[in-house]
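Enquirer: So here's target21.pdb, just PDB, C-alpha atoms, pLDDT in the B column:
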```pdb
MODEL        1
ATOM      1  CA  ASP A   1      95.004 116.500  91.934  1.00 62.00           C
ATOM      2  CA  ALA A   2      91.332 116.454  92.955  1.00 64.00           C
ATOM      3  CA  GLY A   3      91.130 112.719  92.206  1.00 92.00           C
ATOM      4  CA  ILE A   4      92.785 111.776  95.481  1.00 96.00           C
ATOM      5  CA  THR A   5      92.221 113.317  98.890  1.00 96.00           C
ATOM      6  CA  GLN A   6      93.419 112.700 102.416  1.00 98.00           C
ATOM      7  CA  SER A   7      91.828 113.389 105.775  1.00 97.00           C
ATOM      8  CA  PRO A   8      92.623 114.846 108.136  1.00 97.00           C
ATOM      9  CA  ARG A   9      95.275 117.161 106.691  1.00 97.00           C
ATOM     10  CA  HIS A  10      96.741 117.908 110.105  1.00 97.00           C
ATOM     11  CA  LYS A  11      96.493 116.035 113.368  1.00 97.00           C
ATOM     12  CA  VAL A  12      98.090 116.329 116.785  1.00 97.00           C
ATOM     13  CA  THR A  13      97.682 113.399 119.135  1.00 97.00           C
ATOM     14  CA  GLU A  14      99.228 111.910 122.248  1.00 97.00           C
ATOM     15  CA  THR A  15     101.423 108.855 122.638  1.00 97.00           C
ATOM     16  CA  GLY A  16      99.382 105.678 123.008  1.00 97.00           C
ATOM     17  CA  THR A  17      96.332 107.028 121.197  1.00 96.00           C
ATOM     18  CA  PRO A  18      94.936 105.184 118.167  1.00 96.00           C
ATOM     19  CA  VAL A  19      94.933 107.195 114.944  1.00 97.00           C
ATOM     20  CA  THR A  20      93.309 106.514 111.581  1.00 98.00           C
ATOM     21  CA  LEU A  21      94.182 108.370 108.392  1.00 98.00           C
ATOM     22  CA  ARG A  22      91.939 108.165 105.386  1.00 98.00           C
ATOM     23  CA  CYS A  23      92.771 108.214 101.699  1.00 98.00           C
ATOM     24  CA  HIS A  24      89.952 108.578  99.180  1.00 97.00           C
ATOM     25  CA  GLN A  25      90.214 108.371  95.389  1.00 96.00           C
ATOM     26  CA  THR A  26      87.624 108.901  92.701  1.00 94.00           C
ATOM     27  CA  GLU A  27      89.611 107.469  89.759  1.00 90.00           C
ATOM     28  CA  ASN A  28      88.823 103.770  90.281  1.00 89.00           C
ATOM     29  CA  HIS A  29      92.535 102.977  90.465  1.00 89.00           C
ATOM     30  CA  ARG A  30      93.342  99.458  91.552  1.00 88.00           C
ATOM     31  CA  TYR A  31      96.549 100.202  93.466  1.00 90.00           C
ATOM     32  CA  MET A  32      96.855 102.416  96.520  1.00 93.00           C
ATOM     33  CA  TYR A  33      99.857 103.126  98.704  1.00 95.00           C
ATOM     34  CA  TRP A  34     100.729 104.720 102.035  1.00 97.00           C
ATOM     35  CA  TYR A  35     104.119 106.429 102.520  1.00 97.00           C
ATOM     36  CA  ARG A  36     105.741 108.412 105.249  1.00 97.00           C
ATOM     37  CA  GLN A  37     108.142 111.250 104.518  1.00 96.00           C
ATOM     38  CA  ASP A  38     110.853 112.225 106.959  1.00 93.00           C
ATOM     39  CA  PRO A  39     113.879 114.504 106.535  1.00 85.00           C
ATOM     40  CA  GLY A  40     116.874 112.542 105.312  1.00 81.00           C
ATOM     41  CA  HIS A  41     114.804 109.488 104.432  1.00 83.00           C
ATOM     42  CA  GLY A  42     112.768 110.545 101.451  1.00 86.00           C
ATOM     43  CA  LEU A  43     109.545 108.616 100.964  1.00 92.00           C
ATOM     44  CA  ARG A  44     109.235 105.185 102.532  1.00 92.00           C
ATOM     45  CA  LEU A  45     106.471 102.721 101.720  1.00 92.00           C
ATOM     46  CA  ILE A  46     104.389 101.588 104.698  1.00 95.00           C
ATOM     47  CA  HIS A  47     101.726  99.390 103.093  1.00 95.00           C
ATOM     48  CA  TYR A  48     100.101  99.067  99.727  1.00 92.00           C
ATOM     49  CA  SER A  49      96.947  97.542  98.296  1.00 93.00           C
ATOM     50  CA  TYR A  50      96.459  95.868  94.938  1.00 89.00           C
ATOM     51  CA  GLY A  51      92.691  95.449  95.252  1.00 90.00           C
ATOM     52  CA  VAL A  52      89.795  95.401  97.689  1.00 93.00           C
ATOM     53  CA  LYS A  53      90.894  93.495 100.793  1.00 92.00           C
ATOM     54  CA  ASP A  54      94.284  92.764  99.170  1.00 93.00           C
ATOM     55  CA  THR A  55      97.146  94.440 100.993  1.00 94.00           C
ATOM     56  CA  ASP A  56     100.847  93.873 101.551  1.00 92.00           C
ATOM     57  CA  LYS A  57     103.598  95.262 103.732  1.00 92.00           C
ATOM     58  CA  GLY A  58     106.122  97.816 102.640  1.00 89.00           C
ATOM     59  CA  GLU A  59     109.534  98.800 103.883  1.00 86.00           C
ATOM     60  CA  VAL A  60     108.420 100.315 107.238  1.00 93.00           C
ATOM     61  CA  SER A  61     105.191  98.522 108.186  1.00 95.00           C
ATOM     62  CA  ASP A  62     105.833  97.900 111.905  1.00 96.00           C
ATOM     63  CA  GLY A  63     103.284  99.743 114.062  1.00 96.00           C
ATOM     64  CA  TYR A  64     100.882 100.321 111.169  1.00 97.00           C
ATOM     65  CA  SER A  65      97.892  98.456 109.775  1.00 97.00           C
ATOM     66  CA  VAL A  66      95.720  99.133 106.746  1.00 97.00           C
ATOM     67  CA  SER A  67      92.324  98.243 105.430  1.00 97.00           C
ATOM     68  CA  ARG A  68      90.631  98.530 102.071  1.00 97.00           C
ATOM     69  CA  SER A  69      86.973  97.587 102.072  1.00 96.00           C
ATOM     70  CA  LYS A  70      86.132  99.649  98.972  1.00 96.00           C
ATOM     71  CA  THR A  71      88.106 100.530  95.871  1.00 94.00           C
ATOM     72  CA  GLU A  72      88.004 104.225  96.690  1.00 96.00           C
ATOM     73  CA  ASP A  73      89.117 104.125 100.336  1.00 97.00           C
ATOM     74  CA  PHE A  74      92.416 103.071 101.898  1.00 98.00           C
ATOM     75  CA  LEU A  75      92.769 103.523 105.652  1.00 98.00           C
ATOM     76  CA  LEU A  76      96.004 103.665 107.624  1.00 98.00           C
ATOM     77  CA  THR A  77      95.792 102.938 111.352  1.00 98.00           C
ATOM     78  CA  LEU A  78      98.342 103.533 114.059  1.00 97.00           C
ATOM     79  CA  GLU A  79      97.051 101.271 116.823  1.00 93.00           C
ATOM     80  CA  SER A  80      99.046 103.034 119.547  1.00 96.00           C
ATOM     81  CA  ALA A  81     100.835 106.114 118.261  1.00 97.00           C
ATOM     82  CA  THR A  82     104.455 106.757 119.249  1.00 97.00           C
ATOM     83  CA  SER A  83     106.595 109.874 118.868  1.00 97.00           C
ATOM     84  CA  SER A  84     108.641 108.096 116.189  1.00 96.00           C
ATOM     85  CA  GLN A  85     105.521 108.085 114.023  1.00 97.00           C
ATOM     86  CA  THR A  86     105.489 111.872 113.837  1.00 97.00           C
ATOM     87  CA  SER A  87     105.773 112.433 110.104  1.00 97.00           C
ATOM     88  CA  VAL A  88     104.069 113.573 106.938  1.00 97.00           C
ATOM     89  CA  TYR A  89     101.979 110.778 105.468  1.00 98.00           C
ATOM     90  CA  PHE A  90     101.195 110.581 101.763  1.00 98.00           C
ATOM     91  CA  CYS A  91      98.872 108.190 100.060  1.00 97.00           C
ATOM     92  CA  ALA A  92      99.135 107.456  96.355  1.00 95.00           C
ATOM     93  CA  MET A  93      97.137 105.688  93.666  1.00 92.00           C
ATOM     94  CA  GLY A  94      98.039 103.890  90.470  1.00 85.00           C
ATOM     95  CA  SER A  95      96.081 102.026  87.838  1.00 70.00           C
ATOM     96  CA  ALA A  96      98.007  99.388  85.974  1.00 59.00           C
ATOM     97  CA  GLY A  97     100.202  97.903  88.647  1.00 56.00           C
ATOM     98  CA  VAL A  98     103.836  98.037  89.486  1.00 50.00           C
ATOM     99  CA  THR A  99     105.015  99.882  86.419  1.00 54.00           C
ATOM    100  CA  ASP A 100     102.393 102.592  86.324  1.00 68.00           C
ATOM    101  CA  THR A 101     102.548 106.183  87.418  1.00 79.00           C
ATOM    102  CA  GLN A 102     101.685 106.975  90.999  1.00 86.00           C
ATOM    103  CA  TYR A 103      99.595 110.036  91.822  1.00 90.00           C
ATOM    104  CA  PHE A 104     100.021 111.388  95.308  1.00 95.00           C
ATOM    105  CA  GLY A 105      97.482 112.836  97.706  1.00 96.00           C
ATOM    106  CA  PRO A 106      98.079 116.197  99.430  1.00 96.00           C
ATOM    107  CA  GLY A 107      99.560 114.663 102.566  1.00 97.00           C
ATOM    108  CA  THR A 108      98.693 114.529 106.282  1.00 98.00           C
ATOM    109  CA  ARG A 109     100.974 116.066 108.870  1.00 97.00           C
ATOM    110  CA  LEU A 110     100.792 113.965 112.033  1.00 98.00           C
ATOM    111  CA  THR A 111     102.378 115.041 115.308  1.00 97.00           C
ATOM    112  CA  VAL A 112     102.531 112.586 118.209  1.00 97.00           C
ATOM    113  CA  LEU A 113     103.326 114.292 121.515  1.00 96.00           C
TER     114      LEU A 113
ATOM    115  CA  GLY B   1     115.073  94.591  99.298  1.00 77.00           C
ATOM    116  CA  GLU B   2     115.935  97.404  96.928  1.00 84.00           C
ATOM    117  CA  ASN B   3     118.311 100.183  97.955  1.00 91.00           C
ATOM    118  CA  VAL B   4     118.218 103.466  96.044  1.00 94.00           C
ATOM    119  CA  GLU B   5     120.957 106.021  96.557  1.00 96.00           C
ATOM    120  CA  GLN B   6     120.660 109.575  95.238  1.00 97.00           C
ATOM    121  CA  HIS B   7     123.343 112.226  94.775  1.00 97.00           C
ATOM    122  CA  PRO B   8     123.899 115.037  95.387  1.00 97.00           C
ATOM    123  CA  SER B   9     121.682 115.911  98.330  1.00 96.00           C
ATOM    124  CA  THR B  10     121.849 119.614  97.463  1.00 97.00           C
ATOM    125  CA  LEU B  11     122.609 121.322  94.176  1.00 98.00           C
ATOM    126  CA  SER B  12     122.828 125.008  93.263  1.00 98.00           C
ATOM    127  CA  VAL B  13     123.074 126.174  89.658  1.00 97.00           C
ATOM    128  CA  GLN B  14     122.890 129.467  87.854  1.00 98.00           C
ATOM    129  CA  GLU B  15     119.792 130.118  85.800  1.00 97.00           C
ATOM    130  CA  GLY B  16     120.295 128.769  82.310  1.00 97.00           C
ATOM    131  CA  ASP B  17     122.830 126.150  83.357  1.00 97.00           C
ATOM    132  CA  SER B  18     122.187 122.408  83.385  1.00 98.00           C
ATOM    133  CA  ALA B  19     121.532 120.257  86.443  1.00 98.00           C
ATOM    134  CA  VAL B  20     122.219 116.540  86.770  1.00 98.00           C
ATOM    135  CA  ILE B  21     120.988 114.267  89.554  1.00 98.00           C
ATOM    136  CA  LYS B  22     122.146 110.675  89.771  1.00 98.00           C
ATOM    137  CA  CYS B  23     120.643 107.572  91.353  1.00 98.00           C
ATOM    138  CA  THR B  24     121.850 104.031  91.760  1.00 97.00           C
ATOM    139  CA  TYR B  25     119.811 100.962  92.611  1.00 96.00           C
ATOM    140  CA  SER B  26     120.739  97.516  93.825  1.00 95.00           C
ATOM    141  CA  ASP B  27     118.019  95.125  92.638  1.00 91.00           C
ATOM    142  CA  SER B  28     118.379  94.104  89.008  1.00 90.00           C
ATOM    143  CA  ALA B  29     114.683  93.103  89.030  1.00 88.00           C
ATOM    144  CA  SER B  30     113.609  96.765  89.259  1.00 90.00           C
ATOM    145  CA  ASN B  31     112.031  97.718  85.971  1.00 88.00           C
ATOM    146  CA  TYR B  32     110.417 101.140  86.374  1.00 90.00           C
ATOM    147  CA  PHE B  33     112.162 104.361  87.359  1.00 93.00           C
ATOM    148  CA  PRO B  34     110.106 107.518  87.926  1.00 94.00           C
ATOM    149  CA  TRP B  35     111.313 110.968  88.930  1.00 97.00           C
ATOM    150  CA  TYR B  36     109.247 113.255  91.130  1.00 96.00           C
ATOM    151  CA  LYS B  37     109.437 116.969  91.856  1.00 97.00           C
ATOM    152  CA  GLN B  38     108.237 118.226  95.211  1.00 96.00           C
ATOM    153  CA  GLU B  39     107.812 121.904  95.970  1.00 95.00           C
ATOM    154  CA  LEU B  40     107.795 123.063  99.568  1.00 92.00           C
ATOM    155  CA  GLY B  41     104.638 121.946 101.364  1.00 90.00           C
ATOM    156  CA  LYS B  42     103.270 120.229  98.262  1.00 94.00           C
ATOM    157  CA  ARG B  43     102.788 116.655  97.129  1.00 95.00           C
ATOM    158  CA  PRO B  44     105.353 114.888  94.907  1.00 95.00           C
ATOM    159  CA  GLN B  45     104.505 115.240  91.219  1.00 94.00           C
ATOM    160  CA  LEU B  46     105.767 112.936  88.495  1.00 93.00           C
ATOM    161  CA  ILE B  47     107.936 114.763  85.961  1.00 95.00           C
ATOM    162  CA  ILE B  48     109.342 111.923  83.887  1.00 95.00           C
ATOM    163  CA  ASP B  49     109.743 108.170  84.041  1.00 93.00           C
ATOM    164  CA  ILE B  50     111.606 105.429  82.213  1.00 92.00           C
ATOM    165  CA  ARG B  51     111.143 101.720  81.903  1.00 88.00           C
ATOM    166  CA  SER B  52     113.906  99.135  81.816  1.00 82.00           C
ATOM    167  CA  ASN B  53     113.566  98.457  78.105  1.00 82.00           C
ATOM    168  CA  VAL B  54     114.458 102.061  77.252  1.00 81.00           C
ATOM    169  CA  GLY B  55     117.856 103.750  77.593  1.00 90.00           C
ATOM    170  CA  GLU B  56     116.834 107.395  77.361  1.00 94.00           C
ATOM    171  CA  LYS B  57     113.707 109.525  77.396  1.00 93.00           C
ATOM    172  CA  LYS B  58     113.294 113.239  76.884  1.00 96.00           C
ATOM    173  CA  ASP B  59     110.493 115.703  77.529  1.00 94.00           C
ATOM    174  CA  GLN B  60     111.341 119.288  76.577  1.00 95.00           C
ATOM    175  CA  ARG B  61     114.060 120.439  79.018  1.00 97.00           C
ATOM    176  CA  ILE B  62     114.011 117.233  81.057  1.00 98.00           C
ATOM    177  CA  ALA B  63     115.672 113.952  80.168  1.00 97.00           C
ATOM    178  CA  VAL B  64     116.342 110.704  81.969  1.00 97.00           C
ATOM    179  CA  THR B  65     118.958 108.097  81.124  1.00 96.00           C
ATOM    180  CA  LEU B  66     119.145 104.522  82.357  1.00 96.00           C
ATOM    181  CA  ASN B  67     122.138 102.200  82.436  1.00 94.00           C
ATOM    182  CA  LYS B  68     120.839  98.776  83.429  1.00 92.00           C
ATOM    183  CA  THR B  69     124.268  97.163  83.453  1.00 92.00           C
ATOM    184  CA  ALA B  70     125.640  99.663  85.934  1.00 94.00           C
ATOM    185  CA  LYS B  71     122.291  99.995  87.728  1.00 95.00           C
ATOM    186  CA  HIS B  72     122.144 103.753  87.603  1.00 95.00           C
ATOM    187  CA  PHE B  73     119.843 106.364  86.156  1.00 97.00           C
ATOM    188  CA  SER B  74     120.092 110.116  85.930  1.00 98.00           C
ATOM    189  CA  LEU B  75     117.886 113.171  85.597  1.00 98.00           C
ATOM    190  CA  HIS B  76     119.086 115.983  83.353  1.00 98.00           C
ATOM    191  CA  ILE B  77     117.494 119.428  83.394  1.00 98.00           C
ATOM    192  CA  THR B  78     118.722 121.878  80.771  1.00 97.00           C
ATOM    193  CA  GLU B  79     118.274 125.651  80.634  1.00 97.00           C
ATOM    194  CA  THR B  80     117.257 125.742  84.274  1.00 98.00           C
ATOM    195  CA  GLN B  81     114.760 128.325  85.465  1.00 97.00           C
ATOM    196  CA  PRO B  82     113.960 129.602  88.984  1.00 96.00           C
ATOM    197  CA  GLU B  83     110.719 127.607  88.964  1.00 96.00           C
ATOM    198  CA  ASP B  84     112.793 124.426  88.698  1.00 97.00           C
ATOM    199  CA  SER B  85     113.858 125.007  92.312  1.00 97.00           C
ATOM    200  CA  ALA B  86     112.415 122.111  94.341  1.00 97.00           C
ATOM    201  CA  VAL B  87     113.309 118.748  95.837  1.00 97.00           C
ATOM    202  CA  TYR B  88     113.652 115.953  93.296  1.00 98.00           C
ATOM    203  CA  PHE B  89     113.228 112.271  94.129  1.00 96.00           C
ATOM    204  CA  CYS B  90     114.155 109.252  92.093  1.00 96.00           C
ATOM    205  CA  ALA B  91     112.511 105.887  92.646  1.00 93.00           C
ATOM    206  CA  ALA B  92     112.838 102.280  91.563  1.00 92.00           C
ATOM    207  CA  SER B  93     109.933  99.874  91.361  1.00 86.00           C
ATOM    208  CA  ASP B  94     110.142  96.164  92.026  1.00 74.00           C
ATOM    209  CA  GLU B  95     107.263  93.721  92.590  1.00 66.00           C
ATOM    210  CA  GLY B  96     104.684  96.331  93.591  1.00 66.00           C
ATOM    211  CA  GLN B  97     106.939  98.249  95.911  1.00 76.00           C
ATOM    212  CA  PHE B  98     108.462 101.628  95.180  1.00 85.00           C
ATOM    213  CA  TYR B  99     111.790 102.565  96.748  1.00 89.00           C
ATOM    214  CA  PHE B 100     112.703 106.240  96.799  1.00 92.00           C
ATOM    215  CA  GLY B 101     116.007 108.034  96.983  1.00 94.00           C
ATOM    216  CA  THR B 102     116.519 110.552  99.779  1.00 93.00           C
ATOM    217  CA  GLY B 103     116.019 113.553  97.523  1.00 95.00           C
ATOM    218  CA  THR B 104     118.026 116.365  95.960  1.00 97.00           C
ATOM    219  CA  SER B 105     117.267 119.963  96.858  1.00 97.00           C
ATOM    220  CA  LEU B 106     117.832 121.984  93.684  1.00 98.00           C
ATOM    221  CA  THR B 107     118.214 125.747  93.859  1.00 98.00           C
ATOM    222  CA  VAL B 108     118.316 127.761  90.646  1.00 97.00           C
ATOM    223  CA  ILE B 109     119.927 131.138  91.232  1.00 96.00           C
ATOM    224  CA  PRO B 110     118.497 133.946  89.056  1.00 94.00           C
TER     225      PRO B 110
ENDMDL
END
```
Render the structure in this file as structure tokens.
Expert:
Amino acid sequence: DAGITQSPRHKVTETGTPVTLRCHQTENHRYMYWYRQDPGHGLRLIHYSYGVKDTDKGEVSDGYSVSRSKTEDFLLTLESATSSQTSVYFCAMGSAGVTDTQYFGPGTRLTVL
Amino acid sequence: GENVEQHPSTLSVQEGDSAVIKCTYSDSASNYFPWYKQELGKRPQLIIDIRSNVGEKKDQRIAVTLNKTAKHFSLHITETQPEDSAVYFCAASDEGQFYFGTGTSLTVIP
């Protein structure tokens, strides 16, 4: 579990404010993912990265952007937060690609007022 | 895109009984099917997975079966214990994207 961390772990912000969540891994995994978890919806993929500066959209990417300038860091940005983006956000890492195990970070609880 | 459906949404069993959770998927290109356990307030943790070239896999009290023709896969937990109580998620992987079911809340009654 210590191989992947998220910051902050909790955040409360106001509608219209930009927010950046950080995911940091120390395992040199190639793939990293951002999910949101909401009651009744399970885990939904927002964006993922398959290498430095290589990213792609997931199922619910609208309103979110990502960046990966280093292997170990994957940032998720909400340019202008909305109340519908109140959720628990999990990042995950994987090594060998689409058929490899994903290891999840501890999660970030974001509240947009 | 892929659509994963998971049933039931809640499941209660007596300690020692078996529990079965079922998932269906829509995209025949999906080739990797992990199962995760999530305890309250914790991160999802992988408990077992199966790839499309395998029909069944077992790890102690946990087993997963896959029927590619029918596009469904199931999680079987035998001899359930109170510590098995959690939310379980299935997922299907296709072209770098993982699609999750909506989860099953399992309660094991002592």
Enquirer: Find the residues of chain B in contact range of chain A, meaning any atom within 8 Å when counting all atoms listed in the file, and list them as JSON, numbers by chain.
Expert: {"B": [31, 32, 34, 42, 43, 44, 45, 46, 51, 89, 93, 94, 95, 96, 97, 98, 99, 100, 101, 102, 103]}
Enquirer: Taking the file as shown, what set of residues would the PyMOL selection byres ((chain A and resi 76) around 9) give back, as JSON, numbers by chain?
Expert: {"A": [19, 20, 21, 22, 23, 34, 47, 64, 65, 66, 67, 74, 75, 77, 78]}
Enquirer: One decimal, in Å: what's the spacing between CA of Glu2 (chain B) and CA of Leu106 (chain B)?
Expert: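 Straight-line distance from CA of Glu2 (chain B) to CA of Leu106 (chain B) works out to 24.9 Å.
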Enquirer: Any idea what's packed within 12 Å of Pro8 (chain B), counting all atoms listed in the file, ignoring anything in its chain fewer than 2 positions away? Could you give it as a PyMOL selection string?
Expert: chain B and resi 5-6+10-12+19-24+74-75+87-90+101-106
Enquirer: Residues of the last selection are to be written out with C-alpha atoms, as an mmCIF file, in the frame of the given file.
Expert:
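Resulting contents of out.cif:
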```
data_model
loop_
_atom_site.group_PDB
_atom_site.id
_atom_site.type_symbol
_atom_site.label_atom_id
_atom_site.label_comp_id
_atom_site.auth_asym_id
_atom_site.auth_seq_id
_atom_site.Cartn_x
_atom_site.Cartn_y
_atom_site.Cartn_z
ATOM 1 C CA GLU B 5 120.957 106.021 96.557
ATOM 2 C CA GLN B 6 120.660 109.575 95.238
ATOM 3 C CA THR B 10 121.849 119.614 97.463
ATOM 4 C CA LEU B 11 122.609 121.322 94.176
ATOM 5 C CA SER B 12 122.828 125.008 93.263
ATOM 6 C CA ALA B 19 121.532 120.257 86.443
ATOM 7 C CA VAL B 20 122.219 116.540 86.770
ATOM 8 C CA ILE B 21 120.988 114.267 89.554
ATOM 9 C CA LYS B 22 122.146 110.675 89.771
ATOM 10 C CA CYS B 23 120.643 107.572 91.353
ATOM 11 C CA THR B 24 121.850 104.031 91.760
ATOM 12 C CA SER B 74 120.092 110.116 85.930
ATOM 13 C CA LEU B 75 117.886 113.171 85.597
ATOM 14 C CA VAL B 87 113.309 118.748 95.837
ATOM 15 C CA TYR B 88 113.652 115.953 93.296
ATOM 16 C CA PHE B 89 113.228 112.271 94.129
ATOM 17 C CA CYS B 90 114.155 109.252 92.093
ATOM 18 C CA GLY B 101 116.007 108.034 96.983
ATOM 19 C CA THR B 102 116.519 110.552 99.779
ATOM 20 C CA GLY B 103 116.019 113.553 97.523
ATOM 21 C CA THR B 104 118.026 116.365 95.960
ATOM 22 C CA SER B 105 117.267 119.963 96.858
ATOM 23 C CA LEU B 106 117.832 121.984 93.684
#
```
Enquirer: CA of Lys37 (chain B) and CA of Lys11 (chain A) are how many Å apart?
Expert: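 Value for the CA of Lys37 (chain B)-CA of Lys11 (chain A) distance: 25.1 Å.
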Enquirer: Assuming 6 Å of padding per side, give the centre and edge lengths of the axis-aligned box around every listed atom of region 81-94 of chain B, in Å to one decimal and as JSON.
Expert:
```
{"center_x": 112.3, "center_y": 112.9, "center_z": 90.7, "size_x": 16.8, "size_y": 45.4, "size_z": 22.4}
```
Enquirer: Do a neighbour search on Ser52 (chain B) at 10 Å with all atoms listed in the file, toss out local chain neighbours closer than 5 positions, and write the hits as a short mmCIF file (atom, residue, chain, number, x, y, z; two decimals) with C-alpha atoms, keeping the file's coordinate frame.
Expert:
```cif
data_model
loop_
_atom_site.label_atom_id
_atom_site.label_comp_id
_atom_site.auth_asym_id
_atom_site.auth_seq_id
_atom_site.Cartn_x
_atom_site.Cartn_y
_atom_site.Cartn_z
CA SER B 28 118.38 94.10 89.01
CA ALA B 29 114.68 93.10 89.03
CA SER B 30 113.61 96.76 89.26
CA ASN B 31 112.03 97.72 85.97
CA TYR B 32 110.42 101.14 86.37
CA PHE B 33 112.16 104.36 87.36
CA LEU B 66 119.14 104.52 82.36
CA ASN B 67 122.14 102.20 82.44
CA LYS B 68 120.84 98.78 83.43
#
```
Enquirer: Write region 4-10 of chain B as a short mmCIF file (atom, residue, chain, number, x, y, z; two decimals), in the coordinates of the input, completed to all heavy atoms.
Expert:
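Everything below was put into rebuild-v8.cif:
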```cif
data_model
loop_
_atom_site.label_atom_id
_atom_site.label_comp_id
_atom_site.auth_asym_id
_atom_site.auth_seq_id
_atom_site.Cartn_x
_atom_site.Cartn_y
_atom_site.Cartn_z
N VAL B 4 118.02 102.40 97.02
CA VAL B 4 118.22 103.47 96.04
C VAL B 4 119.03 104.58 96.70
O VAL B 4 118.64 105.10 97.75
CB VAL B 4 116.87 104.01 95.54
CG1 VAL B 4 117.09 105.17 94.57
CG2 VAL B 4 116.06 102.90 94.86
N GLU B 5 120.13 104.93 96.07
CA GLU B 5 120.96 106.02 96.56
C GLU B 5 120.91 107.18 95.56
O GLU B 5 120.97 106.96 94.34
CB GLU B 5 122.39 105.55 96.77
CG GLU B 5 122.51 104.51 97.88
CD GLU B 5 123.95 104.21 98.25
OE1 GLU B 5 124.86 104.76 97.60
OE2 GLU B 5 124.17 103.42 99.18
N GLN B 6 120.83 108.38 96.08
CA GLN B 6 120.66 109.58 95.24
C GLN B 6 121.71 110.61 95.60
O GLN B 6 121.95 110.88 96.79
CB GLN B 6 119.25 110.13 95.45
CG GLN B 6 118.91 111.33 94.58
CD GLN B 6 117.46 111.73 94.70
OE1 GLN B 6 116.62 111.00 95.21
NE2 GLN B 6 117.14 112.91 94.21
N HIS B 7 122.31 111.21 94.57
CA HIS B 7 123.34 112.23 94.78
C HIS B 7 123.23 113.31 93.71
O HIS B 7 122.87 113.01 92.56
CB HIS B 7 124.73 111.60 94.68
CG HIS B 7 124.97 110.55 95.71
ND1 HIS B 7 125.29 110.83 97.01
CD2 HIS B 7 124.90 109.20 95.61
CE1 HIS B 7 125.43 109.72 97.67
NE2 HIS B 7 125.19 108.71 96.86
N PRO B 8 123.54 114.56 94.05
CA PRO B 8 123.90 115.04 95.39
C PRO B 8 122.65 115.30 96.23
O PRO B 8 121.55 115.25 95.71
CB PRO B 8 124.63 116.34 95.07
CG PRO B 8 123.93 116.87 93.85
CD PRO B 8 123.56 115.65 93.04
N SER B 9 122.83 115.60 97.49
CA SER B 9 121.68 115.91 98.33
C SER B 9 121.24 117.36 98.14
O SER B 9 120.06 117.69 98.33
CB SER B 9 122.00 115.64 99.80
OG SER B 9 123.14 116.38 100.20
N THR B 10 122.18 118.23 97.79
CA THR B 10 121.85 119.61 97.46
C THR B 10 122.62 120.02 96.22
O THR B 10 123.73 119.54 95.97
CB THR B 10 122.19 120.59 98.61
OG1 THR B 10 123.60 120.51 98.87
CG2 THR B 10 121.43 120.27 99.86
#
```
